[in-house]
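Structure file model-v3.txt; described as compact mmCIF, C-alpha atoms.
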# COMPACT_ATOMS: atom_id res chain seq x y z
CA MET J 61 31.23 40.43 146.19
CA VAL J 62 27.46 40.48 146.75
CA ARG J 63 26.88 37.30 144.75
CA SER J 64 29.73 35.41 146.39
CA SER J 65 28.54 36.41 149.88
CA LEU J 66 24.98 35.36 149.14
CA SER J 67 26.17 32.08 147.59
CA LEU J 68 28.21 31.30 150.69
CA LEU J 69 25.26 32.04 152.96
CA ALA J 70 22.93 29.95 150.80
CA GLY J 71 25.31 27.02 151.12
CA LEU J 72 25.39 27.39 154.89
CA LEU J 73 21.59 27.57 154.99
CA MET J 74 21.27 24.34 153.02
CA ALA J 75 23.79 22.57 155.21
CA GLY J 76 22.10 23.76 158.39
CA HIS J 77 18.67 22.72 157.12
CA ALA J 78 19.90 19.23 156.27
CA ALA J 79 21.26 18.76 159.77
CA ALA J 80 18.30 20.27 161.63
CA ASP J 81 15.56 18.37 163.42
CA THR J 82 12.04 18.67 162.07
CA GLY J 83 9.98 21.25 163.99
CA SER J 84 6.80 23.24 163.65
CA TRP J 85 6.31 26.30 161.50
CA ARG J 86 6.26 29.70 163.15
CA VAL J 87 4.83 32.87 161.62
CA TYR J 88 6.46 36.06 162.89
CA THR J 89 6.16 39.82 162.64
CA ARG J 90 8.91 42.22 163.67
CA ALA J 91 8.85 46.00 163.68
CA SER J 92 11.24 48.48 165.25
CA THR J 93 12.25 52.12 165.16
CA ASP J 94 15.45 53.65 166.52
CA ALA J 95 15.49 57.44 166.28
CA TYR J 96 18.02 59.85 167.78
CA SER J 97 18.77 63.55 167.50
CA GLU J 98 20.68 65.25 170.28
CA SER J 99 20.73 68.71 168.66
CA VAL J 100 16.99 69.25 168.10
CA SER J 101 13.85 67.19 168.65
CA LEU J 102 12.99 64.46 166.17
CA HIS J 103 9.80 66.32 165.27
CA ALA J 104 11.78 69.49 164.50
CA ILE J 105 13.98 67.67 161.96
CA GLY J 106 11.04 67.56 159.57
CA ASN J 107 9.60 70.90 160.72
CA HIS J 108 12.22 73.55 159.83
CA LEU J 109 14.28 72.80 162.97
CA ASP J 110 11.72 74.74 165.01
CA ASP J 111 13.18 73.85 168.40
CA GLU J 112 15.83 74.88 170.91
CA LEU J 113 19.27 74.04 169.54
CA LYS J 114 21.63 71.95 171.67
CA SER J 115 25.10 70.55 171.04
CA GLY J 116 25.46 67.41 168.95
CA ASP J 117 26.95 66.13 165.73
CA ALA J 118 24.73 63.26 164.56
CA SER J 119 21.14 62.17 164.06
CA PHE J 120 19.59 59.02 162.67
CA ILE J 121 16.31 57.24 162.08
CA HIS J 122 16.23 53.52 161.35
CA ALA J 123 12.84 51.84 160.91
CA TRP J 124 12.29 48.20 159.99
CA ALA J 125 9.17 46.05 159.51
CA GLU J 126 9.26 42.35 158.56
CA VAL J 127 6.80 39.48 158.18
CA GLY J 128 7.92 35.91 157.63
CA MET J 129 8.07 32.23 158.60
CA GLN J 130 10.57 30.16 160.62
CA ARG J 131 11.32 26.47 160.90
CA ASP J 132 14.32 24.41 162.03
CA GLY J 133 16.52 27.45 162.53
CA LEU J 134 15.71 28.83 159.08
CA SER J 135 13.64 31.94 158.46
CA PHE J 136 12.34 33.68 155.37
CA GLY J 137 10.70 37.10 155.46
CA VAL J 138 9.74 40.14 153.45
CA PHE J 139 10.63 43.55 154.84
CA THR J 140 10.57 47.27 154.33
CA ARG J 141 13.09 49.69 155.81
CA TYR J 142 13.72 53.42 156.14
CA ASP J 143 17.12 54.91 156.96
CA TRP J 144 18.08 58.53 157.50
CA LYS J 145 21.55 59.16 158.93
CA THR J 146 23.45 62.44 159.14
CA ARG J 147 26.74 63.68 160.59
CA TYR J 148 27.51 67.38 160.90
CA THR J 149 29.62 69.95 162.71
CA PRO J 150 27.96 72.16 165.35
CA ASP J 151 28.50 75.18 163.05
CA THR J 152 26.54 73.45 160.30
CA LEU J 153 23.43 72.97 162.37
CA THR J 154 23.73 76.48 163.83
CA LEU J 155 23.63 78.05 160.35
CA ILE J 156 20.76 75.82 159.20
CA HIS J 157 18.82 76.47 162.41
CA LEU J 158 19.18 80.26 162.13
CA SER J 159 18.29 80.23 158.44
CA GLU J 160 15.21 78.02 158.87
CA ASN J 161 13.93 80.22 161.70
CA ASP J 162 14.70 83.55 159.92
CA GLU J 163 17.16 84.65 162.59
CA ALA J 164 20.23 86.82 162.08
CA VAL J 165 23.53 84.98 161.81
CA PRO J 166 26.20 86.36 164.17
CA ALA J 167 29.51 87.46 162.69
CA GLY J 168 32.26 84.87 162.85
CA ASP J 169 34.02 81.98 161.17
CA TYR J 170 32.01 78.81 160.55
CA GLU J 171 33.22 75.34 159.60
CA VAL J 172 30.49 73.57 157.64
CA ASN J 173 30.50 69.81 157.18
CA LEU J 174 27.41 67.73 156.45
CA ASP J 175 27.18 64.05 155.47
CA VAL J 176 23.80 62.53 154.59
CA ASN J 177 22.92 58.88 153.93
CA HIS J 178 19.25 58.22 153.17
CA LEU J 179 17.54 55.08 151.88
CA ARG J 180 14.06 53.64 151.44
CA ALA J 181 13.91 50.01 150.39
CA SER J 182 12.03 46.72 150.59
CA GLY J 183 13.04 43.14 149.90
CA ILE J 184 13.46 39.61 151.23
CA ARG J 185 15.59 38.30 154.08
CA LEU J 186 16.99 34.81 154.71
CA ALA J 187 18.50 33.81 158.05
CA TRP J 188 19.98 30.70 159.64
CA THR J 189 20.39 30.14 163.38
CA PHE J 190 22.73 27.41 164.60
CA ALA J 191 24.68 26.43 167.73
CA PRO J 192 28.43 26.12 166.99
CA VAL J 193 29.21 25.29 170.64
CA GLU J 194 27.20 24.59 173.77
CA HIS J 195 25.28 27.55 175.24
CA THR J 196 25.92 29.64 172.11
CA ARG J 197 23.74 30.51 169.13
CA VAL J 198 24.77 32.35 165.98
CA THR J 199 22.43 33.87 163.40
CA LEU J 200 23.56 34.74 159.90
CA GLY J 201 21.19 36.84 157.82
CA ALA J 202 21.24 38.09 154.25
CA SER J 203 18.85 40.58 152.69
CA TRP J 204 18.27 41.30 149.03
CA LEU J 205 16.58 44.65 148.56
CA ASN J 206 15.07 46.93 145.95
CA ALA J 207 15.76 50.55 146.82
CA SER J 208 13.41 53.37 145.87
CA TYR J 209 14.86 56.55 147.39
CA LEU J 210 18.45 57.82 147.58
CA ILE J 211 20.39 60.67 149.12
CA ASP J 212 24.11 60.09 149.59
CA GLY J 213 26.41 63.08 149.72
CA SER J 214 28.37 65.70 151.63
CA ILE J 215 29.11 69.41 151.88
CA ASP J 216 32.42 70.85 153.16
CA ALA J 217 32.98 74.58 153.48
CA SER J 218 34.56 77.40 155.46
CA VAL J 219 32.41 80.51 155.79
CA ASP J 220 33.25 83.93 157.24
CA ILE J 221 30.47 86.38 158.10
CA ALA J 222 31.55 89.97 158.72
CA THR J 223 29.88 92.36 161.14
CA ASN J 224 28.27 94.18 158.19
CA GLY J 225 26.73 90.92 156.96
CA THR J 226 29.19 90.29 154.14
CA VAL J 227 29.66 86.56 153.55
CA THR J 228 32.86 85.10 152.16
CA GLY J 229 34.13 81.56 151.99
CA ALA J 230 34.83 78.50 149.90
CA GLY J 231 33.76 74.90 149.79
CA SER J 232 32.72 71.88 147.78
CA PHE J 233 29.77 69.51 147.60
CA SER J 234 28.97 66.14 146.08
CA GLN J 235 25.67 64.27 146.14
CA PHE J 236 23.70 61.45 144.52
CA TYR J 237 19.97 61.76 144.97
CA SER J 238 16.39 60.99 144.07
CA HIS J 239 15.39 64.59 144.83
CA ASP J 240 17.73 67.58 144.50
CA TYR J 241 17.22 69.58 147.70
CA LEU J 242 20.42 71.56 147.11
CA LEU J 243 19.90 73.15 143.67
CA GLY J 244 16.34 72.13 142.80
CA ARG J 245 17.18 70.14 139.67
CA GLN J 246 14.25 68.22 138.18
CA VAL J 247 15.24 64.56 137.85
CA THR J 248 13.87 61.08 137.22
CA GLU J 249 14.16 59.02 140.39
CA PRO J 250 16.68 56.16 140.02
CA ASP J 251 16.23 52.48 140.83
CA GLY J 252 18.64 50.58 143.02
CA SER J 253 19.21 47.03 144.24
CA GLY J 254 21.69 45.36 146.50
CA ALA J 255 22.37 43.21 149.53
CA THR J 256 23.15 43.44 153.22
CA ILE J 257 24.54 40.87 155.65
CA ASP J 258 23.77 40.71 159.38
CA LEU J 259 25.37 38.75 162.22
CA ALA J 260 24.07 38.01 165.73
CA LEU J 261 25.49 36.08 168.69
CA GLU J 262 23.63 34.83 171.78
CA ALA J 263 25.52 33.15 174.60
CA ASN J 264 25.21 32.14 178.24
CA TRP J 265 28.51 32.13 180.12
CA LYS J 266 28.43 31.34 183.85
CA LYS J 267 24.82 32.57 184.21
CA VAL J 268 25.53 35.77 182.23
CA ASP J 269 23.31 36.13 179.15
CA VAL J 270 25.06 38.06 176.38
CA THR J 271 23.76 39.14 172.97
CA LEU J 272 25.66 40.96 170.25
CA SER J 273 24.26 41.84 166.84
CA VAL J 274 25.57 43.84 163.89
CA GLN J 275 23.02 44.95 161.31
CA ASP J 276 24.40 45.95 157.90
CA LEU J 277 27.75 44.40 158.73
CA PHE J 278 28.17 44.40 154.97
CA SER J 279 26.01 46.47 152.63
CA GLN J 280 26.15 47.34 148.97
CA ILE J 281 23.34 49.03 147.05
CA LYS J 282 23.92 49.61 143.35
CA TRP J 283 22.08 52.54 141.79
CA ARG J 284 21.72 52.71 138.02
CA ASN J 285 21.79 56.11 136.32
CA ALA J 286 21.57 58.02 139.60
CA PRO J 287 21.24 61.82 139.34
CA ALA J 288 24.30 63.55 140.77
CA THR J 289 25.73 67.00 141.33
CA ARG J 290 29.32 67.84 142.09
CA GLY J 291 30.66 71.35 142.48
CA GLN J 292 32.66 74.05 144.19
CA PHE J 293 31.81 77.52 145.40
CA ASP J 294 33.96 80.51 146.29
CA SER J 295 33.76 84.24 146.84
CA ALA J 296 36.00 86.65 144.97
CA THR J 297 36.69 89.96 146.74
CA THR J 298 37.75 93.20 145.04
CA ASN J 299 38.16 96.79 146.16
CA THR J 300 36.60 99.70 144.30
CA VAL J 301 38.37 103.00 143.69
CA GLY J 302 36.66 104.37 146.77
CA GLY J 303 37.97 101.49 148.87
CA GLN J 304 34.65 99.63 149.15
CA LEU J 305 34.90 95.83 149.37
CA VAL J 306 32.89 93.99 146.70
CA VAL J 307 32.14 90.28 147.14
CA THR J 308 31.26 88.23 144.06
CA PRO J 309 29.93 84.70 144.67
CA LEU J 310 31.27 82.08 142.29
CA LEU J 311 29.64 78.69 141.73
CA SER J 312 30.88 75.90 139.51
CA ALA J 313 28.63 72.81 139.41
CA PHE J 314 28.39 69.78 137.17
CA GLU J 315 25.11 67.88 136.96
CA TYR J 316 25.11 64.38 135.54
CA ASN J 317 23.78 60.82 135.89
CA ALA J 318 26.01 57.90 136.82
CA LYS J 319 26.22 54.53 138.54
CA HIS J 320 26.62 54.79 142.29
CA THR J 321 27.33 52.34 145.10
CA GLN J 322 25.76 53.21 148.44
CA ARG J 323 26.92 51.68 151.72
CA LEU J 324 24.96 51.85 154.96
CA PRO J 325 26.51 52.56 158.37
CA ALA J 326 26.45 49.44 160.55
CA ILE J 327 24.25 49.32 163.66
CA THR J 328 25.68 47.36 166.61
CA ARG J 329 23.57 46.29 169.59
CA PHE J 330 24.87 44.69 172.80
CA THR J 331 23.19 43.39 175.95
CA ALA J 332 24.48 41.56 179.02
CA ARG J 333 22.23 40.35 181.83
CA VAL J 334 22.98 38.55 185.11
CA PRO J 335 20.40 37.07 187.54
CA VAL J 336 20.12 38.54 191.03
CA SER J 337 17.34 36.21 192.20
CA GLU J 338 15.18 33.42 190.84
CA ARG J 339 12.89 35.92 189.13
CA ALA J 340 14.94 39.09 188.67
CA SER J 341 17.96 40.06 186.60
CA VAL J 342 19.90 43.26 185.89
CA GLY J 343 22.20 44.22 183.07
CA VAL J 344 23.61 46.72 180.62
CA ALA J 345 22.87 47.38 176.96
CA ALA J 346 24.04 49.71 174.22
CA LEU J 347 23.39 50.73 170.63
CA TYR J 348 26.26 52.07 168.51
CA THR J 349 26.21 53.62 165.04
CA GLN J 350 28.00 56.49 163.30
CA GLY J 351 30.13 57.27 166.34
CA VAL J 352 27.06 57.54 168.61
CA THR J 353 26.79 55.26 171.65
CA LEU J 354 23.49 54.97 173.53
CA PRO J 355 24.15 53.02 176.77
CA ARG J 356 21.38 51.64 179.00
CA LEU J 357 20.91 50.07 182.40
CA THR J 358 18.31 47.30 182.32
CA GLY J 359 16.25 45.21 184.70
CA ARG J 360 13.83 42.32 184.25
CA MET J 361 11.25 40.74 186.55
CA SER J 362 9.58 37.41 185.76
CA LEU J 363 6.02 37.54 187.08
CA ARG J 364 5.24 33.94 186.17
CA PRO J 365 6.34 31.43 183.51
CA GLY J 366 5.84 33.04 180.13
CA LEU J 367 5.37 36.59 181.43
CA ALA J 368 8.07 39.16 182.24
CA ILE J 369 8.36 42.93 182.44
CA ASP J 370 11.43 45.03 181.60
CA ALA J 371 12.63 48.46 182.67
CA SER J 372 15.57 50.44 181.34
CA TYR J 373 17.34 53.78 181.72
CA GLU J 374 19.39 55.33 178.91
CA THR J 375 22.16 57.29 180.61
CA SER J 376 23.34 59.72 177.91
CA MET J 377 19.88 61.11 177.07
CA GLN J 378 18.26 60.36 180.46
CA ALA J 379 15.53 58.29 178.83
CA PHE J 380 13.31 55.70 180.51
CA GLY J 381 11.94 52.55 178.90
CA ILE J 382 9.47 49.79 179.68
CA GLY J 383 8.65 46.46 178.05
CA ILE J 384 6.61 43.30 178.38
CA GLU J 385 7.28 39.80 177.06
CA THR J 386 4.93 36.82 176.85
CA ARG J 387 5.29 33.48 175.11
CA TRP J 388 4.20 34.97 171.81
CA LEU J 389 4.63 38.75 172.10
CA ARG J 390 7.36 41.21 173.05
CA ILE J 391 6.85 44.99 173.12
CA SER J 392 9.29 47.67 174.28
CA TRP J 393 9.32 51.47 174.34
CA LEU J 394 11.98 53.98 175.39
CA ALA J 395 12.04 57.78 175.12
CA ASP J 396 13.52 60.80 176.87
CA THR J 397 10.08 62.44 177.21
CA LEU J 398 6.41 61.50 177.02
CA ASP J 399 5.79 64.32 174.54
CA PRO J 400 6.48 62.88 171.05
CA LYS J 401 7.04 66.38 169.64
CA GLN J 402 9.86 67.02 172.12
CA ALA J 403 11.55 63.60 172.04
CA ARG J 404 15.19 63.43 170.97
CA LEU J 405 15.51 59.71 171.54
CA MET J 406 12.84 57.12 170.79
CA GLN J 407 13.18 53.35 170.49
CA VAL J 408 10.11 51.20 169.87
CA SER J 409 9.97 47.51 169.01
CA LEU J 410 7.37 44.78 168.54
CA ASP J 411 7.98 41.07 168.03
CA PHE J 412 5.00 38.75 167.55
CA HIS J 413 4.89 35.08 166.57
CA ILE J 414 2.48 32.15 166.51
CA GLU J 415 3.09 28.43 166.14
CA LEU J 416 1.27 26.62 163.33
Have the structure of the file written as structure tokens, please.
Amino acid sequence: MVRSSLSLLAGLLMAGHAAADTGSWRVYTRASTDAYSESVSLHAIGNHLDDELKSGDASFIHAWAEVGMQRDGLSFGVFTRYDWKTRYTPDTLTLIHLSENDEAVPAGDYEVNLDVNHLRASGIRLAWTFAPVEHTRVTLGASWLNASYLIDGSIDASVDIATNGTVTGAGSFSQFYSHDYLLGRQVTEPDGSGATIDLALEANWKKVDVTLSVQDLFSQIKWRNAPATRGQFDSATTNTVGGQLVVTPLLSAFEYNAKHTQRLPAITRFTARVPVSERASVGVAALYTQGVTLPRLTGRMSLRPGLAIDASYETSMQAFGIGIETRWLRISWLADTLDPKQARLMQVSLDFHIEL
């Protein structure tokens, strides 16, 4: 599937290049970070969840940096990326938060579900931009990557904590990894390689500018000899002659190495902008991934040809953003607070290019 998809894209790239007009070379640099955690601050994720706990069921960090060249609608770049994406039930984060902060766990029933998808990788990216119809541009991109760090797994369990502190329950877990955070197994980190495909659309319909992009529309990373652990846990209860309840924890786990295919959750971005005067426009935007939607209201003011400023407001996290765009540089920043240690939403991007 990966080879056939890349072959198809390569054919399209060659066809587009043959039909394109000769233009100048452009060197570009792109870097962006999208980070979100509604439950605790982004800083607390890597610091024992040392923060006030709020409701939420997902967190993610997606960072990308790329350097490359463009000409005639074709681009070639080298990139590095970092992805950390988790889904969980509120009970899951409550138990982890209390444990990490050495707090007592209240008695009750807890439903634990945790899914983790983590990747570090670098590689090359090819893209082709063409205009299938008037006022519309489409960009097809394909990335071939070498992956260096893996966590892909889940935990499902039901846990009951009695008023006397007795813990009973049952569950299962399955994970592929470069580092065993669950049981502490010493392993040799695996190597992985694979491909991703991206799609973007830009259009102008009756003065409305619309963009839609899907990153990792298709993704497939093959890991060779990846360390893995699969298991179940339970608690057997018995009564003594005196009537005392005895709880015996039972764990059955199988550690092994195997081939593994990792797939990345797609990231969809949408913007729509309409002019309200010769220099100003307003619009809406949104980012969607893993069931999380981050909607924004946007505004742009053109100060002079080749210079514009942007402002935005993210409604779900009450975050404010600013940006500036020139002929050769675009920078944007959005966060729900100016304190980086308290931020639960942060989006930063930089796009720089020069003509040769």
| field | Proximity to Leu243 of chain J - best of J:Thr289, J:Thr256, J:Ser218, J:Thr375, only C-alpha atoms | value | J:Thr289
| field | Contacts of Ala379 of chain J within 6 Å, only C-alpha atoms, excl. fewer than 2 positions in-chain, as a list in words | value | Tyr373, Glu374, Met377, Ala395 and Asp396 of chain J
Name the residues in contact with Ser238 of chain J at a cut-off of 8 Å, using only C-alpha atoms, excluding same-chain residues fewer than 5 positions from it; report them as a PDB file with C-alpha atoms, in the coordinates of the input.
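Final output, saved to around.pdb:
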ATOM      1  CA  TYR J 209      14.860  56.550 147.390  1.00  0.00           C
ATOM      2  CA  LEU J 210      18.450  57.820 147.580  1.00  0.00           C
ATOM      3  CA  ILE J 211      20.390  60.670 149.120  1.00  0.00           C
ATOM      4  CA  VAL J 247      15.240  64.560 137.850  1.00  0.00           C
ATOM      5  CA  THR J 248      13.870  61.080 137.220  1.00  0.00           C
ATOM      6  CA  GLU J 249      14.160  59.020 140.390  1.00  0.00           C
ATOM      7  CA  PRO J 250      16.680  56.160 140.020  1.00  0.00           C
ATOM      8  CA  ALA J 286      21.570  58.020 139.600  1.00  0.00           C
ATOM      9  CA  PRO J 287      21.240  61.820 139.340  1.00  0.00           C
TER      10      PRO J 287
END
Can you build me a table of segment 247-266 of chain J residues sitting at most 7 Å from segment 195-200 of chain J, with the closest atom pair per residue and its distance in Å to one decimal, using all atoms listed in the file, sorted by chain and residue number, as JSON lines?
{"residue": "J:Asp258", "atom": "CA", "partner": "J:Leu200", "partner_atom": "CA", "distance": 6.0}
{"residue": "J:Leu259", "atom": "CA", "partner": "J:Leu200", "partner_atom": "CA", "distance": 5.0}
{"residue": "J:Ala260", "atom": "CA", "partner": "J:Thr199", "partner_atom": "CA", "distance": 5.0}
{"residue": "J:Leu261", "atom": "CA", "partner": "J:Val198", "partner_atom": "CA", "distance": 4.7}
{"residue": "J:Glu262", "atom": "CA", "partner": "J:Arg197", "partner_atom": "CA", "distance": 5.1}
{"residue": "J:Ala263", "atom": "CA", "partner": "J:Thr196", "partner_atom": "CA", "distance": 4.3}
{"residue": "J:Asn264", "atom": "CA", "partner": "J:His195", "partner_atom": "CA", "distance": 5.5}
Store the residues picked out above, limited to C-alpha atoms, as a compact mmCIF listing (two decimals), in the coordinates of the input.
# COMPACT_ATOMS: atom_id res chain seq x y z
CA ASP J 258 23.77 40.71 159.38
CA LEU J 259 25.37 38.75 162.22
CA ALA J 260 24.07 38.01 165.73
CA LEU J 261 25.49 36.08 168.69
CA GLU J 262 23.63 34.83 171.78
CA ALA J 263 25.52 33.15 174.60
CA ASN J 264 25.21 32.14 178.24
| said: One decimal, in Å: what's the spacing between atom CA of Phe233 of chain J and atom CA of Ala217 of chain J? | reply: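 Computed distance, atom CA of Phe233 of chain J to atom CA of Ala217 of chain J, equals 8.4 Å.
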Tell me, as an mmCIF file with C-alpha atoms, in the frame of the given file, which residues lie within 9 Å of Lys267 of chain J, counting all atoms listed in the file; anything in the same chain fewer than 6 positions away does not count.
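As a result, around_12.cif now contains:
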data_model
loop_
_atom_site.group_PDB
_atom_site.id
_atom_site.type_symbol
_atom_site.label_atom_id
_atom_site.label_comp_id
_atom_site.auth_asym_id
_atom_site.auth_seq_id
_atom_site.Cartn_x
_atom_site.Cartn_y
_atom_site.Cartn_z
ATOM 1 C CA ARG J 333 22.230 40.350 181.830
ATOM 2 C CA VAL J 334 22.980 38.550 185.110
ATOM 3 C CA PRO J 335 20.400 37.070 187.540
#
| task | Please write as an MDAnalysis selection string the list of polymer residues whose atoms come within 12 Å of (18.1, 62.7, 165.9), counting all atoms listed in the file and keeping to the coordinates of the file. | result | chainID J and resid 94:106 109 113:122 143:148 350 352 377 402:407
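Distance-wise, atom CA of Gly383 of chain J and atom CA of Asp370 of chain J end up 4.7 Å apart.
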Quick one: residues within 6 Å of (19.6, 53.1, 149.8) (file frame), counting only C-alpha atoms, please, as a PDB file with C-alpha atoms, in the coordinates of the input.
ATOM      1  CA  LEU J 179      17.540  55.080 151.880  1.00  0.00           C
ATOM      2  CA  ARG J 180      14.060  53.640 151.440  1.00  0.00           C
ATOM      3  CA  ALA J 207      15.760  50.550 146.820  1.00  0.00           C
ATOM      4  CA  LEU J 210      18.450  57.820 147.580  1.00  0.00           C
TER       5      LEU J 210
END
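Interatomic distance, atom CA of Leu272 of chain J to atom CA of Thr331 of chain J: 6.7 Å.
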